[in-house]
Amino acid sequence: MSGLGSPRGVTPADRRSRIRGVCLKVACFAAMAVSSRLAFADSVDTLREFVRDVKSGKAAFTQTVTSPDGARKKVSSGNFEFLRPNRFRFVYTKPFEQTLVADGQKVWIHDPDLNQVSSRKISQALGSTPAALLAGGNLEADFTLAAQPAAGGLDWALATPKAQDGPFQSMKVGFKGKELAAVEIVDSFGQRSLLQFSGFVANPQNPPLAPESFNFKVPAGADVVEQ
């Protein structure tokens with residue numbers, strides 16, 4: 001451990017809330033990564049083709065998280081990028097900053113407000129979550145897939161995890177024509193997260209994403225927690 005620790009006024013409840021939020025963000029990021037702008041007649045086929053063919057990608061996003069009772073909403077936004085295997089960067093810029101980086105070995109979480117960095121082995125952080133798809137997981141082995149009725153002008157595919165004790169209940173991916181439009185995740189607490197996308201680029205080439213661009217450097221003075 002090093003650095004200044006948590007800022008004044010941050011309670012244990014605040015910290016637990018942040019941790020739950022980080023877990024959901026990892027799941028949400030991976031949900032984004034299992035979709036693409038590729039055009040196929042069936043949305044389930046689109047997911048299968050993505051896992052097979054799309055090795056990297058990037059986009060901007062807006063996320064709306066709704067409490068289980070539907071009474072409270074939080075809106076945030078940022079950018080993400082990924083490179084298989086086992087590398088991604090998920091950057092929240094509004095309303096506060098937070099960064100998640102997988103460098104191929106570990107997942108790093110940097111929270112500037114807490115002046116803290118935490119890390120876990122990538123195998124422990126991903127497990128049977130949508131993030132396993134980003135890392136090259138087995139789509140058919142880990143998820144039950146089904147096409148859903150069109151709604152809100154989008155075509156939807158549903159992915160339900162076969163594991164019963166994971167961090168989320170279901171994931172839906174929405175497309176508008178050939179373009180990725182939305183991902184919706186319901187976590188194990190009934191909290192709903194809707195992500196809406198802009199500018200998704202599959203397999204970017206100008207420039208291509210490089211493995212070394214996902215290396216993480218601990219900011220000077222930050223508290224480091226190994227999990």
# chains A, B, ... in the order shown; residues from 1 in each chain; ligands from 1
call {"tool": "residues_around", "arguments": {"residues": "A:Leu158", "least_positions_apart": "2", "cutoff": "9 Å", "atoms": "only C-alpha atoms", "output": "PDB file with all heavy atoms, in the first residue's frame"}}
result
ATOM      1  N   SER A  43     -29.803 -11.598 -35.545  1.00  0.00           N
ATOM      2  CA  SER A  43     -28.931 -10.938 -34.578  1.00  0.00           C
ATOM      3  C   SER A  43     -28.054 -11.933 -33.828  1.00  0.00           C
ATOM      4  O   SER A  43     -26.938 -11.592 -33.419  1.00  0.00           O
ATOM      5  CB  SER A  43     -29.772 -10.125 -33.586  1.00  0.00           C
ATOM      6  OG  SER A  43     -30.768 -10.930 -32.987  1.00  0.00           O
ATOM      7  N   VAL A  44     -28.524 -13.162 -33.627  1.00  0.00           N
ATOM      8  CA  VAL A  44     -27.695 -14.188 -32.984  1.00  0.00           C
ATOM      9  C   VAL A  44     -26.509 -14.537 -33.871  1.00  0.00           C
ATOM     10  O   VAL A  44     -25.382 -14.707 -33.391  1.00  0.00           O
ATOM     11  CB  VAL A  44     -28.535 -15.433 -32.652  1.00  0.00           C
ATOM     12  CG1 VAL A  44     -27.645 -16.580 -32.185  1.00  0.00           C
ATOM     13  CG2 VAL A  44     -29.570 -15.109 -31.581  1.00  0.00           C
ATOM     14  N   THR A 144     -26.788 -19.057 -23.354  1.00  0.00           N
ATOM     15  CA  THR A 144     -27.920 -19.477 -24.173  1.00  0.00           C
ATOM     16  C   THR A 144     -28.359 -18.270 -24.993  1.00  0.00           C
ATOM     17  O   THR A 144     -28.653 -17.210 -24.435  1.00  0.00           O
ATOM     18  CB  THR A 144     -29.081 -19.963 -23.296  1.00  0.00           C
ATOM     19  OG1 THR A 144     -28.637 -21.086 -22.519  1.00  0.00           O
ATOM     20  CG2 THR A 144     -30.269 -20.371 -24.148  1.00  0.00           C
ATOM     21  N   LEU A 145     -28.390 -18.424 -26.305  1.00  0.00           N
ATOM     22  CA  LEU A 145     -28.668 -17.312 -27.204  1.00  0.00           C
ATOM     23  C   LEU A 145     -30.053 -17.442 -27.824  1.00  0.00           C
ATOM     24  O   LEU A 145     -30.509 -18.541 -28.132  1.00  0.00           O
ATOM     25  CB  LEU A 145     -27.632 -17.261 -28.329  1.00  0.00           C
ATOM     26  CG  LEU A 145     -26.163 -17.220 -27.896  1.00  0.00           C
ATOM     27  CD1 LEU A 145     -25.263 -17.230 -29.121  1.00  0.00           C
ATOM     28  CD2 LEU A 145     -25.884 -16.009 -27.029  1.00  0.00           C
ATOM     29  N   ALA A 146     -30.723 -16.300 -28.010  1.00  0.00           N
ATOM     30  CA  ALA A 146     -32.040 -16.297 -28.636  1.00  0.00           C
ATOM     31  C   ALA A 146     -32.289 -14.951 -29.288  1.00  0.00           C
ATOM     32  O   ALA A 146     -31.968 -13.910 -28.711  1.00  0.00           O
ATOM     33  CB  ALA A 146     -33.126 -16.588 -27.606  1.00  0.00           C
ATOM     34  N   ALA A 147     -32.850 -14.975 -30.510  1.00  0.00           N
ATOM     35  CA  ALA A 147     -33.272 -13.741 -31.153  1.00  0.00           C
ATOM     36  C   ALA A 147     -34.523 -13.233 -30.447  1.00  0.00           C
ATOM     37  O   ALA A 147     -35.366 -14.010 -30.010  1.00  0.00           O
ATOM     38  CB  ALA A 147     -33.550 -13.991 -32.631  1.00  0.00           C
ATOM     39  N   GLN A 148     -34.629 -11.917 -30.315  1.00  0.00           N
ATOM     40  CA  GLN A 148     -35.759 -11.288 -29.649  1.00  0.00           C
ATOM     41  C   GLN A 148     -36.590 -10.476 -30.653  1.00  0.00           C
ATOM     42  O   GLN A 148     -36.078 -10.068 -31.695  1.00  0.00           O
ATOM     43  CB  GLN A 148     -35.254 -10.350 -28.547  1.00  0.00           C
ATOM     44  CG  GLN A 148     -34.477 -11.064 -27.448  1.00  0.00           C
ATOM     45  CD  GLN A 148     -35.376 -11.940 -26.598  1.00  0.00           C
ATOM     46  OE1 GLN A 148     -36.147 -11.440 -25.787  1.00  0.00           O
ATOM     47  NE2 GLN A 148     -35.281 -13.246 -26.788  1.00  0.00           N
ATOM     48  N   TRP A 156     -32.972  -7.195 -31.680  1.00  0.00           N
ATOM     49  CA  TRP A 156     -32.319  -7.570 -30.433  1.00  0.00           C
ATOM     50  C   TRP A 156     -31.943  -9.058 -30.403  1.00  0.00           C
ATOM     51  O   TRP A 156     -32.669  -9.898 -30.912  1.00  0.00           O
ATOM     52  CB  TRP A 156     -33.239  -7.293 -29.242  1.00  0.00           C
ATOM     53  CG  TRP A 156     -33.514  -5.849 -29.004  1.00  0.00           C
ATOM     54  CD1 TRP A 156     -34.538  -5.112 -29.517  1.00  0.00           C
ATOM     55  CD2 TRP A 156     -32.741  -4.953 -28.198  1.00  0.00           C
ATOM     56  NE1 TRP A 156     -34.460  -3.813 -29.079  1.00  0.00           N
ATOM     57  CE2 TRP A 156     -33.367  -3.684 -28.271  1.00  0.00           C
ATOM     58  CE3 TRP A 156     -31.591  -5.094 -27.419  1.00  0.00           C
ATOM     59  CZ2 TRP A 156     -32.890  -2.568 -27.596  1.00  0.00           C
ATOM     60  CZ3 TRP A 156     -31.110  -3.991 -26.752  1.00  0.00           C
ATOM     61  CH2 TRP A 156     -31.750  -2.743 -26.840  1.00  0.00           C
ATOM     62  N   THR A 160     -28.222 -15.264 -22.291  1.00  0.00           N
ATOM     63  CA  THR A 160     -28.468 -15.593 -20.893  1.00  0.00           C
ATOM     64  C   THR A 160     -27.348 -16.508 -20.403  1.00  0.00           C
ATOM     65  O   THR A 160     -27.093 -17.550 -21.020  1.00  0.00           O
ATOM     66  CB  THR A 160     -29.820 -16.303 -20.720  1.00  0.00           C
ATOM     67  OG1 THR A 160     -30.859 -15.480 -21.274  1.00  0.00           O
ATOM     68  CG2 THR A 160     -30.110 -16.562 -19.254  1.00  0.00           C
ATOM     69  N   SER A 170     -29.044 -11.223 -17.436  1.00  0.00           N
ATOM     70  CA  SER A 170     -29.230 -11.302 -18.873  1.00  0.00           C
ATOM     71  C   SER A 170     -28.563 -10.126 -19.568  1.00  0.00           C
ATOM     72  O   SER A 170     -28.274  -9.099 -18.955  1.00  0.00           O
ATOM     73  CB  SER A 170     -30.723 -11.319 -19.224  1.00  0.00           C
ATOM     74  OG  SER A 170     -31.341 -10.100 -18.853  1.00  0.00           O
ATOM     75  N   MET A 171     -28.342 -10.292 -20.863  1.00  0.00           N
ATOM     76  CA  MET A 171     -27.754  -9.255 -21.691  1.00  0.00           C
ATOM     77  C   MET A 171     -28.482  -9.243 -23.027  1.00  0.00           C
ATOM     78  O   MET A 171     -28.690 -10.288 -23.641  1.00  0.00           O
ATOM     79  CB  MET A 171     -26.270  -9.531 -21.916  1.00  0.00           C
ATOM     80  CG  MET A 171     -25.578  -8.617 -22.905  1.00  0.00           C
ATOM     81  SD  MET A 171     -23.831  -9.042 -23.106  1.00  0.00           S
ATOM     82  CE  MET A 171     -23.950 -10.609 -23.967  1.00  0.00           C
ATOM     83  N   LYS A 172     -28.922  -8.065 -23.476  1.00  0.00           N
ATOM     84  CA  LYS A 172     -29.543  -7.913 -24.789  1.00  0.00           C
ATOM     85  C   LYS A 172     -28.699  -6.955 -25.623  1.00  0.00           C
ATOM     86  O   LYS A 172     -28.226  -5.936 -25.123  1.00  0.00           O
ATOM     87  CB  LYS A 172     -30.967  -7.374 -24.680  1.00  0.00           C
ATOM     88  CG  LYS A 172     -31.944  -8.328 -24.038  1.00  0.00           C
ATOM     89  CD  LYS A 172     -33.397  -7.974 -24.375  1.00  0.00           C
ATOM     90  CE  LYS A 172     -33.742  -6.556 -24.009  1.00  0.00           C
ATOM     91  NZ  LYS A 172     -35.158  -6.228 -24.337  1.00  0.00           N
ATOM     92  N   VAL A 173     -28.535  -7.293 -26.893  1.00  0.00           N
ATOM     93  CA  VAL A 173     -27.764  -6.465 -27.810  1.00  0.00           C
ATOM     94  C   VAL A 173     -28.690  -6.006 -28.921  1.00  0.00           C
ATOM     95  O   VAL A 173     -29.378  -6.819 -29.539  1.00  0.00           O
ATOM     96  CB  VAL A 173     -26.579  -7.245 -28.404  1.00  0.00           C
ATOM     97  CG1 VAL A 173     -25.733  -6.344 -29.297  1.00  0.00           C
ATOM     98  CG2 VAL A 173     -25.731  -7.852 -27.296  1.00  0.00           C
TER      99      VAL A 173
END
call {"tool": "closest_atom_pairs", "arguments": {"of": "stretch 53-172 of chain A", "to": "stretch 185-192 of chain A", "cutoff": "8 Å", "atoms": "only C-alpha atoms", "output": "tab-separated table"}}
result
residue	atom	partner	partner_atom	distance
A:Val65	CA	A:Arg192	CA	5.7
A:Thr66	CA	A:Arg192	CA	5.1
A:Ser67	CA	A:Gln191	CA	5.0
A:Pro68	CA	A:Gln191	CA	4.7
A:Gly166	CA	A:Ser188	CA	7.3
A:Pro167	CA	A:Ser188	CA	5.3
A:Phe168	CA	A:Asp187	CA	3.6
A:Gln169	CA	A:Asp187	CA	5.3
A:Ser170	CA	A:Val186	CA	5.5
A:Met171	CA	A:Ile185	CA	4.5
A:Lys172	CA	A:Ile185	CA	6.5
call {"tool": "write_last_selection", "arguments": {"atoms": "N, CA and C atoms", "output": "PDB file, in the first residue's frame"}}
result
ATOM      1  N   VAL A  65     -28.001   3.880 -15.921  1.00  0.00           N
ATOM      2  CA  VAL A  65     -28.214   2.819 -14.938  1.00  0.00           C
ATOM      3  C   VAL A  65     -29.481   3.137 -14.149  1.00  0.00           C
ATOM      4  N   THR A  66     -30.401   2.176 -14.114  1.00  0.00           N
ATOM      5  CA  THR A  66     -31.680   2.348 -13.438  1.00  0.00           C
ATOM      6  C   THR A  66     -31.772   1.384 -12.272  1.00  0.00           C
ATOM      7  N   SER A  67     -32.190   1.860 -11.108  1.00  0.00           N
ATOM      8  CA  SER A  67     -32.319   1.020  -9.918  1.00  0.00           C
ATOM      9  C   SER A  67     -33.401  -0.039 -10.134  1.00  0.00           C
ATOM     10  N   PRO A  68     -33.368  -1.139  -9.358  1.00  0.00           N
ATOM     11  CA  PRO A  68     -34.354  -2.212  -9.529  1.00  0.00           C
ATOM     12  C   PRO A  68     -35.799  -1.744  -9.459  1.00  0.00           C
ATOM     13  N   GLY A 166     -23.607 -15.944 -11.411  1.00  0.00           N
ATOM     14  CA  GLY A 166     -22.779 -14.888 -11.947  1.00  0.00           C
ATOM     15  C   GLY A 166     -23.284 -13.510 -11.566  1.00  0.00           C
ATOM     16  N   PRO A 167     -22.601 -12.438 -12.040  1.00  0.00           N
ATOM     17  CA  PRO A 167     -22.945 -11.075 -11.639  1.00  0.00           C
ATOM     18  C   PRO A 167     -24.103 -10.461 -12.429  1.00  0.00           C
ATOM     19  N   PHE A 168     -24.627 -11.165 -13.444  1.00  0.00           N
ATOM     20  CA  PHE A 168     -25.735 -10.583 -14.195  1.00  0.00           C
ATOM     21  C   PHE A 168     -26.737 -11.664 -14.600  1.00  0.00           C
ATOM     22  N   GLN A 169     -27.984 -11.236 -14.828  1.00  0.00           N
ATOM     23  CA  GLN A 169     -29.065 -12.140 -15.192  1.00  0.00           C
ATOM     24  C   GLN A 169     -29.172 -12.324 -16.700  1.00  0.00           C
ATOM     25  N   SER A 170     -29.044 -11.223 -17.436  1.00  0.00           N
ATOM     26  CA  SER A 170     -29.230 -11.302 -18.873  1.00  0.00           C
ATOM     27  C   SER A 170     -28.563 -10.126 -19.568  1.00  0.00           C
ATOM     28  N   MET A 171     -28.342 -10.292 -20.863  1.00  0.00           N
ATOM     29  CA  MET A 171     -27.754  -9.255 -21.691  1.00  0.00           C
ATOM     30  C   MET A 171     -28.482  -9.243 -23.027  1.00  0.00           C
ATOM     31  N   LYS A 172     -28.922  -8.065 -23.476  1.00  0.00           N
ATOM     32  CA  LYS A 172     -29.543  -7.913 -24.789  1.00  0.00           C
ATOM     33  C   LYS A 172     -28.699  -6.955 -25.623  1.00  0.00           C
TER      34      LYS A 172
END
call {"tool": "select_by_dssp", "arguments": {"residues": "stretch 101-195 of chain A", "states": "helix (DSSP H, G or I)", "output": "ChimeraX atom specification"}}
result
/A:122-126,131-134,139-142
call {"tool": "closest_residue", "arguments": {"among": "A:Val91, A:Gln205, A:Phe197, A:Thr46", "to": "A:Val183", "atoms": "only C-alpha atoms"}}
result
A:Phe197
call {"tool": "atom_distance", "arguments": {"atom1": "atom CA of A:Ala163", "atom2": "atom CA of A:Asp142"}}
result
7.3 Å
call {"tool": "residues_around", "arguments": {"residues": "A:Glu97", "least_positions_apart": "5", "cutoff": "9 Å", "atoms": "only C-alpha atoms", "output": "PyMOL selection string"}}
result
chain A and resi 78+91-92+110-113
call {"tool": "write_last_selection", "arguments": {"atoms": "all heavy atoms", "output": "short mmCIF file (atom, residue, chain, number, x, y, z; two decimals), in the first residue's frame"}}
result
data_model
loop_
_atom_site.label_atom_id
_atom_site.label_comp_id
_atom_site.auth_asym_id
_atom_site.auth_seq_id
_atom_site.Cartn_x
_atom_site.Cartn_y
_atom_site.Cartn_z
N GLY A 78 -18.44 7.94 -21.88
CA GLY A 78 -17.01 7.77 -22.06
C GLY A 78 -16.69 7.06 -23.36
O GLY A 78 -17.47 7.09 -24.32
N VAL A 91 -13.00 3.83 -20.39
CA VAL A 91 -12.74 5.13 -19.76
C VAL A 91 -14.05 5.89 -19.57
O VAL A 91 -14.71 6.24 -20.56
CB VAL A 91 -11.76 5.97 -20.59
CG1 VAL A 91 -11.52 7.32 -19.92
CG2 VAL A 91 -10.44 5.23 -20.77
N TYR A 92 -14.41 6.15 -18.31
CA TYR A 92 -15.53 7.02 -18.00
C TYR A 92 -15.00 8.44 -17.83
O TYR A 92 -14.03 8.67 -17.12
CB TYR A 92 -16.21 6.58 -16.70
CG TYR A 92 -17.17 5.43 -16.88
CD1 TYR A 92 -16.70 4.14 -17.06
CD2 TYR A 92 -18.54 5.64 -16.88
CE1 TYR A 92 -17.57 3.08 -17.23
CE2 TYR A 92 -19.42 4.58 -17.04
CZ TYR A 92 -18.93 3.31 -17.22
OH TYR A 92 -19.80 2.26 -17.39
N HIS A 110 -8.69 2.30 -11.91
CA HIS A 110 -8.15 3.55 -11.35
C HIS A 110 -9.31 4.48 -11.06
O HIS A 110 -10.08 4.84 -11.95
CB HIS A 110 -7.19 4.20 -12.34
CG HIS A 110 -6.67 5.53 -11.86
ND1 HIS A 110 -6.44 6.60 -12.69
CD2 HIS A 110 -6.36 5.96 -10.60
CE1 HIS A 110 -6.00 7.62 -11.99
NE2 HIS A 110 -5.94 7.27 -10.72
N ASP A 111 -9.44 4.88 -9.79
CA ASP A 111 -10.47 5.81 -9.35
C ASP A 111 -9.79 7.06 -8.82
O ASP A 111 -9.31 7.09 -7.68
CB ASP A 111 -11.32 5.16 -8.26
CG ASP A 111 -12.59 5.93 -7.97
OD1 ASP A 111 -12.55 7.17 -8.08
OD2 ASP A 111 -13.60 5.31 -7.65
N PRO A 112 -9.71 8.13 -9.62
CA PRO A 112 -9.03 9.35 -9.17
C PRO A 112 -9.66 9.97 -7.93
O PRO A 112 -8.95 10.54 -7.09
CB PRO A 112 -9.14 10.29 -10.38
CG PRO A 112 -9.35 9.39 -11.55
CD PRO A 112 -10.15 8.24 -11.02
N ASP A 113 -10.98 9.88 -7.78
CA ASP A 113 -11.64 10.48 -6.62
C ASP A 113 -11.17 9.85 -5.31
O ASP A 113 -11.06 10.53 -4.28
CB ASP A 113 -13.16 10.33 -6.73
CG ASP A 113 -13.75 11.26 -7.78
OD1 ASP A 113 -13.03 12.17 -8.24
OD2 ASP A 113 -14.92 11.08 -8.13
#
call {"tool": "closest_residue", "arguments": {"among": "A:Ser193, A:Gln63, A:Gln227, A:Gln164", "to": "A:Asn79", "atoms": "only C-alpha atoms"}}
result
A:Gln63
call {"tool": "atom_distance", "arguments": {"atom1": "atom CA of A:Ala151", "atom2": "atom CA of A:Phe175"}}
result
10.2 Å
call {"tool": "atom_distance", "arguments": {"atom1": "atom CA of A:Lys106", "atom2": "atom CA of A:Gln124"}}
result
8.9 Å
call {"tool": "closest_residue", "arguments": {"among": "A:Ser119, A:Phe96, A:Arg72, A:Pro204", "to": "A:Val54", "atoms": "only C-alpha atoms"}}
result
A:Pro204
call {"tool": "closest_atom_pairs", "arguments": {"of": "stretch 37-149 of chain A", "to": "stretch 219-226 of chain A", "cutoff": "8 Å", "atoms": "only C-alpha atoms", "output": "CSV"}}
result
residue,atom,partner,partner_atom,distance
A:Asn115,CA,A:Ala222,CA,5.1
A:Gln116,CA,A:Asp223,CA,4.5
A:Val117,CA,A:Val224,CA,4.8
A:Ser118,CA,A:Val225,CA,4.5
A:Ser119,CA,A:Glu226,CA,5.2
A:Arg120,CA,A:Glu226,CA,6.4
call {"tool": "closest_residue", "arguments": {"among": "A:Val218, A:Leu195, A:Ala210, A:Val101", "to": "A:Lys74", "atoms": "only C-alpha atoms"}}
result
A:Leu195
call {"tool": "residues_around", "arguments": {"residues": "A:Phe216", "least_positions_apart": "3", "cutoff": "9 Å", "atoms": "only C-alpha atoms", "output": "ChimeraX atom specification"}}
result
/A:101-103,108,213
call {"tool": "closest_residue", "arguments": {"among": "A:Phe80, A:Gly70, A:Pro149, A:Val75", "to": "A:Leu209", "atoms": "only C-alpha atoms"}}
result
A:Phe80
